[in-house]
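Engineer: Here you go, one structure.
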Amino acid sequence: MKKITLLLAFLITSIGFSQQQEYHLDFEEGTPSGLASNWYTFDNEPAPAEIVDNPNLNGVNTTASKVMKVVMGPGNAFYAGVNNKWEDSKFGTWKIDMSVASNLTLTMDIHKNYVGTVGIKMGTNSAGTSFQITDQNVGNSVVNEWQTLTFDLSGINPNGDLSNISQMVVFVDWRQDMADRAEGNTIYIDNIKFNAEKLTDAPAAPVAGTASLPLDFESEITWSDFDGGVVSTETNPYNNADNTSAKVGKMVKFEGKTWGGSALTLSSAMDFANNDTFTMKVYSPRVGAKVLLKVENSGDAGINYSKEVLTTIANGWETLTFDYAAISKTASYQKLVIIFDNDIMGDGSANYTFYIDDITLSSSGVVLPTVALPLDFESATTWTNFDGGVVTTETNPYNNADNSSENVGKMVKNAGQPWGGSVVKLSSAMDFAANDTFTMKVYSPRANAKVLLKVENSASPATSFEKEVIISTANAWETITFDYSAIPSGSYDSVVLIFDLGTMGDGSANYTFYIDDVVLFNSATADVKDNELIKISMFPNPTTSRLNISAQNPIKSAVIYNLLGKQIMNLEINKNNESIDVSNLSSGIYLIKYSINNVFATAKFIKE
């Protein structure tokens, strides 16, 4: 993690001199800059700013952390950008004393998919613009790589109000008197750093998503107003046998409003892969009031799902149930929205107070498996029989140099069946926008057996794509490759594997196949060659603090991923051995993808 925002640095220590500090807007959770709601995009209605994971660990920013994402298209003004509202003073207030040399430079890290000039501005609540820099031609020189931009503040207007600044502005692509920008220009911003004298502290930022489900209001939770109401945590005024909780949520539908609503961003995405039902306790002053529960993607309000339920009693606790079985299992939802609506009763003339408690997401019965690619069988995975076979997780019976995995998947093609097949539902849709190739290790009892790998949309099985490969060897591990470059665009979240001996007329006996390391990747940046020249030695494995790697030839680079496919660490090595500090990694299984002689290979290690 990066250093905490607003890191104090006493640059002037002499008694009588003002205290200077480094302001560091790093967009991390729990900081003012890390709240997307503190940032506003302008002008001509560009998409809202987002706080996202660092999408590309390269250049000057190889830290797996939070950054700000802004998208500007041709419909936005040449001066369009992103800022905090000065009247809110979300980052506090500060003064720039130009007699202090360290105050005359501002830097920020940026990552853009286009080349263009970046501008900056600061402003005050009372006097407007303090200074603006759009003519230094400070822009990125390469695309899709993190760079640090440096702004010289020594020439800013000294007559501007530099004594009570509360706003930071970034013009993401200043194009005055230039051709219009292209569609989808995207900039990521991180580590805005400058020195100034602190006048007032930034208001405390609620930690984004400190709430989790089930949500019981026993701890204070910060909700945001949603056009007509806000949820606050209150002592339960109706503590009885129906609800003995000490604390509950209170929402007021105000006079003149037909409804009241409030929103809460959770600490992580809700698990709709395994759950399909919300319940919530409600105390309503009216029978027949409409209660809407909606979930949204916190970065894209267009990705949402909602259900409505009517209250059946007045002035008493009841439990409402919301059926979420039809929600898309492939989307990510981190935001919870609750709306109390009296509009169906034409009742906007008075205040009405509602109470809520114990918001729970659960399963109505069947629990679906959760698994992600790469699929290595080190954890048990639930597969469903697909007319002739099922995959189970077993100890590797052929543990050798070709596959030293402890666990593998086992599939039996049963006697009387020409083929055996099985399907597994993944926790999220596979990324075919960035990837085009599957590989899989297979141990087959027969050469020339056919292996079919198909992907499907679990909500619509008609949406599918498949490829077949023929096994070349018997009774040995081999890596087979499936070319998915022609897959149509769409959402695919299920993997189907079929081992077929029908072409050999061989349905009279049982045959057992083993599989391992089902991996989806981009063929432009990976290679599945595996020979002695690119193999690395890793020790200790498992490890608690350092992972030592060595190879016969220089290791150019190494990238570490978790089993969800998220990039954790990116290293430039350029030597035959390296000792990697993994002490900060959580316990679990990781993949390390490395490059030797322009060939890529992957190995696995365990962090204890």
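The way I read the labels, and the way they are meant: chains A, B, ... in the order of the structure tokens, residue 1 as the first residue of every chain, and ligand 1 as the first ligand shown, with later ones counted on from there.
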Within 9 Å of range 538-550 of chain A, counting only C-alpha atoms, which residues show up once you throw out same-chain ones fewer than 6 positions away? Write them as a VMD selection string, please.
Structural biologist: chain A and resid 575 to 585 587 603 to 608
Engineer: As a list in words, which residues of range 375-415 of chain A does DSSP assign to strand (DSSP E or B)?
Structural biologist: Leu375, Thr384, Asn385, Val391, Thr392, Thr393, Glu394, Thr395, Asn400, Asn403, Asn407, Val408, Gly409, Lys410, Met411, Val412 and Lys413 of chain A
Engineer: Could you please take those selected residues and save all heavy atoms as a compact mmCIF listing (two decimals), in the first residue's frame?
Structural biologist:
```
# COMPACT_ATOMS: atom_id res chain seq x y z
N LEU A 375 -7.48 -22.40 -13.65
CA LEU A 375 -8.11 -23.46 -12.87
C LEU A 375 -7.08 -24.55 -12.65
O LEU A 375 -6.71 -25.27 -13.58
CB LEU A 375 -9.32 -23.98 -13.63
CG LEU A 375 -10.12 -25.12 -13.04
CD1 LEU A 375 -10.67 -24.71 -11.69
CD2 LEU A 375 -11.26 -25.48 -13.97
N THR A 384 -20.52 -30.26 -12.76
CA THR A 384 -21.81 -30.90 -12.97
C THR A 384 -21.69 -31.93 -14.10
O THR A 384 -21.09 -31.64 -15.14
CB THR A 384 -22.88 -29.86 -13.34
OG1 THR A 384 -22.92 -28.87 -12.30
CG2 THR A 384 -24.24 -30.50 -13.48
N ASN A 385 -22.28 -33.11 -13.88
CA ASN A 385 -22.27 -34.15 -14.90
C ASN A 385 -22.86 -33.63 -16.20
O ASN A 385 -23.87 -32.93 -16.21
CB ASN A 385 -23.08 -35.36 -14.40
CG ASN A 385 -23.08 -36.50 -15.40
OD1 ASN A 385 -23.61 -36.39 -16.49
ND2 ASN A 385 -22.47 -37.60 -15.00
N VAL A 391 -16.07 -34.22 -13.41
CA VAL A 391 -14.70 -33.94 -13.00
C VAL A 391 -14.64 -33.87 -11.48
O VAL A 391 -15.44 -33.16 -10.86
CB VAL A 391 -14.19 -32.62 -13.60
CG1 VAL A 391 -12.83 -32.26 -13.02
CG2 VAL A 391 -14.10 -32.72 -15.11
N THR A 392 -13.72 -34.60 -10.87
CA THR A 392 -13.48 -34.54 -9.44
C THR A 392 -12.04 -34.13 -9.19
O THR A 392 -11.17 -34.32 -10.05
CB THR A 392 -13.75 -35.90 -8.77
OG1 THR A 392 -12.94 -36.90 -9.41
CG2 THR A 392 -15.21 -36.29 -8.89
N THR A 393 -11.78 -33.55 -8.03
CA THR A 393 -10.42 -33.17 -7.66
C THR A 393 -9.74 -34.33 -6.97
O THR A 393 -10.25 -34.84 -5.97
CB THR A 393 -10.43 -31.93 -6.75
OG1 THR A 393 -11.07 -30.85 -7.45
CG2 THR A 393 -9.03 -31.52 -6.36
N GLU A 394 -8.60 -34.75 -7.49
CA GLU A 394 -7.90 -35.94 -7.00
C GLU A 394 -6.42 -35.63 -6.80
O GLU A 394 -5.88 -34.70 -7.41
CB GLU A 394 -8.04 -37.11 -8.00
CG GLU A 394 -9.45 -37.43 -8.43
CD GLU A 394 -10.22 -38.21 -7.38
OE1 GLU A 394 -9.57 -38.77 -6.47
OE2 GLU A 394 -11.46 -38.28 -7.49
N THR A 395 -5.75 -36.44 -5.99
CA THR A 395 -4.29 -36.36 -5.89
C THR A 395 -3.69 -36.80 -7.22
O THR A 395 -4.12 -37.80 -7.81
CB THR A 395 -3.77 -37.26 -4.76
OG1 THR A 395 -4.37 -36.85 -3.54
CG2 THR A 395 -2.27 -37.19 -4.65
N ASN A 400 5.15 -35.90 -11.97
CA ASN A 400 6.49 -36.01 -12.53
C ASN A 400 6.93 -34.65 -13.06
O ASN A 400 6.26 -33.63 -12.81
CB ASN A 400 6.54 -37.07 -13.63
CG ASN A 400 5.50 -36.84 -14.71
OD1 ASN A 400 5.19 -35.70 -15.05
ND2 ASN A 400 4.95 -37.93 -15.26
N ASN A 403 4.34 -32.59 -14.94
CA ASN A 403 3.28 -31.94 -14.15
C ASN A 403 3.46 -32.33 -12.69
O ASN A 403 3.08 -33.42 -12.27
CB ASN A 403 1.90 -32.35 -14.62
CG ASN A 403 0.80 -31.55 -13.90
OD1 ASN A 403 1.09 -30.62 -13.14
ND2 ASN A 403 -0.44 -31.92 -14.12
N ASN A 407 -2.55 -31.65 -6.93
CA ASN A 407 -3.92 -32.07 -7.27
C ASN A 407 -4.21 -31.82 -8.73
O ASN A 407 -3.69 -30.87 -9.34
CB ASN A 407 -4.95 -31.33 -6.42
CG ASN A 407 -4.86 -31.68 -4.95
OD1 ASN A 407 -4.64 -32.84 -4.61
ND2 ASN A 407 -5.01 -30.70 -4.09
N VAL A 408 -5.07 -32.66 -9.30
CA VAL A 408 -5.50 -32.52 -10.69
C VAL A 408 -6.98 -32.85 -10.77
O VAL A 408 -7.60 -33.29 -9.79
CB VAL A 408 -4.70 -33.45 -11.63
CG1 VAL A 408 -3.23 -33.06 -11.66
CG2 VAL A 408 -4.87 -34.91 -11.20
N GLY A 409 -7.58 -32.64 -11.94
CA GLY A 409 -8.97 -33.02 -12.16
C GLY A 409 -9.03 -34.40 -12.82
O GLY A 409 -8.25 -34.71 -13.72
N LYS A 410 -9.95 -35.22 -12.36
CA LYS A 410 -10.11 -36.58 -12.88
C LYS A 410 -11.49 -36.70 -13.53
O LYS A 410 -12.50 -36.32 -12.94
CB LYS A 410 -9.98 -37.60 -11.76
CG LYS A 410 -10.29 -39.04 -12.15
CD LYS A 410 -10.23 -39.95 -10.92
CE LYS A 410 -10.63 -41.38 -11.24
NZ LYS A 410 -10.62 -42.25 -10.03
N MET A 411 -11.52 -37.25 -14.77
CA MET A 411 -12.79 -37.49 -15.44
C MET A 411 -12.82 -38.93 -15.97
O MET A 411 -11.88 -39.37 -16.62
CB MET A 411 -13.02 -36.54 -16.60
CG MET A 411 -14.34 -36.80 -17.34
SD MET A 411 -14.54 -35.85 -18.85
CE MET A 411 -14.96 -34.24 -18.16
N VAL A 412 -13.89 -39.64 -15.70
CA VAL A 412 -14.05 -41.02 -16.17
C VAL A 412 -15.09 -41.05 -17.29
O VAL A 412 -16.22 -40.58 -17.12
CB VAL A 412 -14.49 -41.95 -15.02
CG1 VAL A 412 -14.71 -43.37 -15.54
CG2 VAL A 412 -13.45 -41.95 -13.91
N LYS A 413 -14.67 -41.58 -18.44
CA LYS A 413 -15.60 -41.87 -19.52
C LYS A 413 -16.14 -43.26 -19.26
O LYS A 413 -15.41 -44.25 -19.31
CB LYS A 413 -14.90 -41.80 -20.88
CG LYS A 413 -15.81 -41.80 -22.10
CD LYS A 413 -16.43 -43.13 -22.43
CE LYS A 413 -15.36 -44.19 -22.76
NZ LYS A 413 -16.02 -45.50 -23.10
```
Engineer: I'd like the contact shell of Phe272 in chain A - 10 Å cut-off, only C-alpha atoms, skipping same-chain residues fewer than 5 positions apart - returned as JSON, numbers by chain.
Structural biologist: {"A": [277, 324, 325, 326, 327, 328, 329, 330, 331, 332, 333, 361, 362, 363, 368, 427]}
Engineer: Convert the current residue selection to file output with N, CA and C atoms, as a JSON list (two decimals), in the first residue's frame.
Structural biologist:
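Result written to again_12.json:
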```json
[["chain", "number", "residue", "atom", "x", "y", "z"],
["A", 277, "THR", "N", -31.32, -14.44, -2.79],
["A", 277, "THR", "CA", -32.45, -13.90, -2.03],
["A", 277, "THR", "C", -31.99, -12.84, -1.02],
["A", 324, "TYR", "N", -33.96, -12.50, -6.06],
["A", 324, "TYR", "CA", -32.88, -12.05, -6.95],
["A", 324, "TYR", "C", -32.35, -13.18, -7.84],
["A", 325, "ALA", "N", -33.18, -14.22, -8.06],
["A", 325, "ALA", "CA", -32.73, -15.38, -8.83],
["A", 325, "ALA", "C", -32.38, -15.03, -10.26],
["A", 326, "ALA", "N", -33.02, -14.01, -10.83],
["A", 326, "ALA", "CA", -32.82, -13.68, -12.24],
["A", 326, "ALA", "C", -31.70, -12.68, -12.47],
["A", 327, "ILE", "N", -30.97, -12.26, -11.43],
["A", 327, "ILE", "CA", -29.90, -11.28, -11.61],
["A", 327, "ILE", "C", -28.77, -11.88, -12.43],
["A", 328, "SER", "N", -28.08, -11.04, -13.22],
["A", 328, "SER", "CA", -26.92, -11.51, -13.97],
["A", 328, "SER", "C", -25.82, -11.93, -13.00],
["A", 329, "LYS", "N", -25.36, -13.16, -13.15],
["A", 329, "LYS", "CA", -24.32, -13.67, -12.26],
["A", 329, "LYS", "C", -22.92, -13.22, -12.68],
["A", 330, "THR", "N", -22.82, -12.61, -13.86],
["A", 330, "THR", "CA", -21.50, -12.24, -14.38],
["A", 330, "THR", "C", -21.10, -10.82, -14.04],
["A", 331, "ALA", "N", -22.05, -10.00, -13.62],
["A", 331, "ALA", "CA", -21.75, -8.60, -13.31],
["A", 331, "ALA", "C", -21.32, -8.46, -11.85],
["A", 332, "SER", "N", -20.68, -7.34, -11.54],
["A", 332, "SER", "CA", -20.21, -7.06, -10.18],
["A", 332, "SER", "C", -21.05, -5.94, -9.58],
["A", 333, "TYR", "N", -21.59, -6.18, -8.40],
["A", 333, "TYR", "CA", -22.45, -5.21, -7.74],
["A", 333, "TYR", "C", -21.90, -4.92, -6.34],
["A", 361, "LEU", "N", -28.27, -11.25, 2.51],
["A", 361, "LEU", "CA", -28.24, -11.91, 1.20],
["A", 361, "LEU", "C", -27.94, -13.38, 1.43],
["A", 362, "SER", "N", -28.78, -14.26, 0.93],
["A", 362, "SER", "CA", -28.62, -15.69, 1.20],
["A", 362, "SER", "C", -29.06, -16.52, 0.00],
["A", 363, "SER", "N", -28.90, -17.82, 0.13],
["A", 363, "SER", "CA", -29.29, -18.74, -0.92],
["A", 363, "SER", "C", -30.65, -19.34, -0.60],
["A", 368, "LEU", "N", -24.22, -22.58, -5.85],
["A", 368, "LEU", "CA", -23.45, -22.81, -7.06],
["A", 368, "LEU", "C", -21.96, -22.76, -6.77],
["A", 427, "SER", "N", -17.01, -17.92, -11.32],
["A", 427, "SER", "CA", -17.51, -16.85, -10.46],
["A", 427, "SER", "C", -17.74, -15.55, -11.22]]
```
Engineer: Compile the contact shell of Met68 in chain A as JSON, numbers by chain: residues with an atom at most 9 Å away, counting only C-alpha atoms, same-chain residues fewer than 2 positions apart removed.
Structural biologist: {"A": [26, 27, 33, 34, 36, 49, 50, 51, 52, 53, 54, 66, 70, 187, 188, 189, 190]}
Engineer: Next, dump the selected residues to file, keeping only C-alpha atoms, as a CSV table (one decimal), in the first residue's frame.
Structural biologist:
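Saved file part23.csv follows:
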```
chain,number,residue,atom,x,y,z
A,26,ASP,CA,-3.3,8.7,-3.8
A,27,PHE,CA,-6.9,7.7,-4.2
A,33,SER,CA,-9.2,11.5,-2.6
A,34,GLY,CA,-10.2,7.8,-2.6
A,36,ALA,CA,-15.3,8.9,-6.3
A,49,ALA,CA,-14.9,9.7,-12.5
A,50,GLU,CA,-14.2,6.3,-11.0
A,51,ILE,CA,-11.8,5.0,-8.4
A,52,VAL,CA,-10.5,1.7,-9.7
A,53,ASP,CA,-7.6,-0.8,-9.3
A,54,ASN,CA,-4.4,0.1,-11.0
A,66,LYS,CA,-6.3,2.5,-6.3
A,70,VAL,CA,-11.6,9.5,-16.3
A,187,ILE,CA,-6.7,8.7,-18.5
A,188,TYR,CA,-5.8,7.1,-15.1
A,189,ILE,CA,-4.4,9.5,-12.5
A,190,ASP,CA,-2.4,8.7,-9.4
```
Engineer: Just the residues within 12 Å of Arg175 in chain A, please, counting only C-alpha atoms, with nothing from its chain fewer than 5 positions along; format it as a PyMOL selection string.
Structural biologist: chain A and resi 72-74+76-81+115-119+134-135+137+139+180-182
Engineer: Could the residues in this selection be written to a file with C-alpha atoms, as a compact mmCIF listing (two decimals), in the first residue's frame?
Structural biologist:
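Final output, saved to again39.txt:
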```
# COMPACT_ATOMS: atom_id res chain seq x y z
CA MET A 72 -13.32 12.00 -22.23
CA GLY A 73 -14.87 11.75 -25.69
CA PRO A 74 -15.28 14.09 -28.67
CA ASN A 76 -16.71 17.00 -24.26
CA ALA A 77 -15.22 20.52 -24.21
CA PHE A 78 -11.54 21.07 -25.02
CA TYR A 79 -11.04 22.09 -21.38
CA ALA A 80 -12.99 19.18 -19.90
CA GLY A 81 -11.53 17.52 -16.84
CA VAL A 115 -0.90 11.31 -26.30
CA GLY A 116 -2.10 14.70 -25.11
CA THR A 117 -1.43 17.72 -22.93
CA VAL A 118 -2.52 17.69 -19.28
CA GLY A 119 -3.34 20.92 -17.47
CA THR A 134 -2.37 24.76 -19.57
CA ASP A 135 0.50 26.11 -21.66
CA ASN A 137 2.73 21.26 -22.79
CA GLY A 139 1.79 15.62 -21.55
CA ASP A 180 -11.36 17.16 -31.53
CA ARG A 181 -10.32 14.25 -29.34
CA ALA A 182 -11.13 10.66 -30.26
```
Engineer: Quick one: residues within 12 Å of range 37-40 of chain A, only C-alpha atoms, excluding same-chain residues fewer than 2 positions away - as an MDAnalysis selection string?
Structural biologist: chainID A and resid 25 27 31:35 42:43 45:51 68:70 80:91 167:171 202:203 205:206 208 224:225 264:265 298:299
Engineer: Using only C-alpha atoms, which residues sit within 10 Å of Met98 in chain A once same-chain residues fewer than 2 positions away are excluded, as a ChimeraX atom specification?
Structural biologist: /A:95-96,100-104,153-156,158,162,196
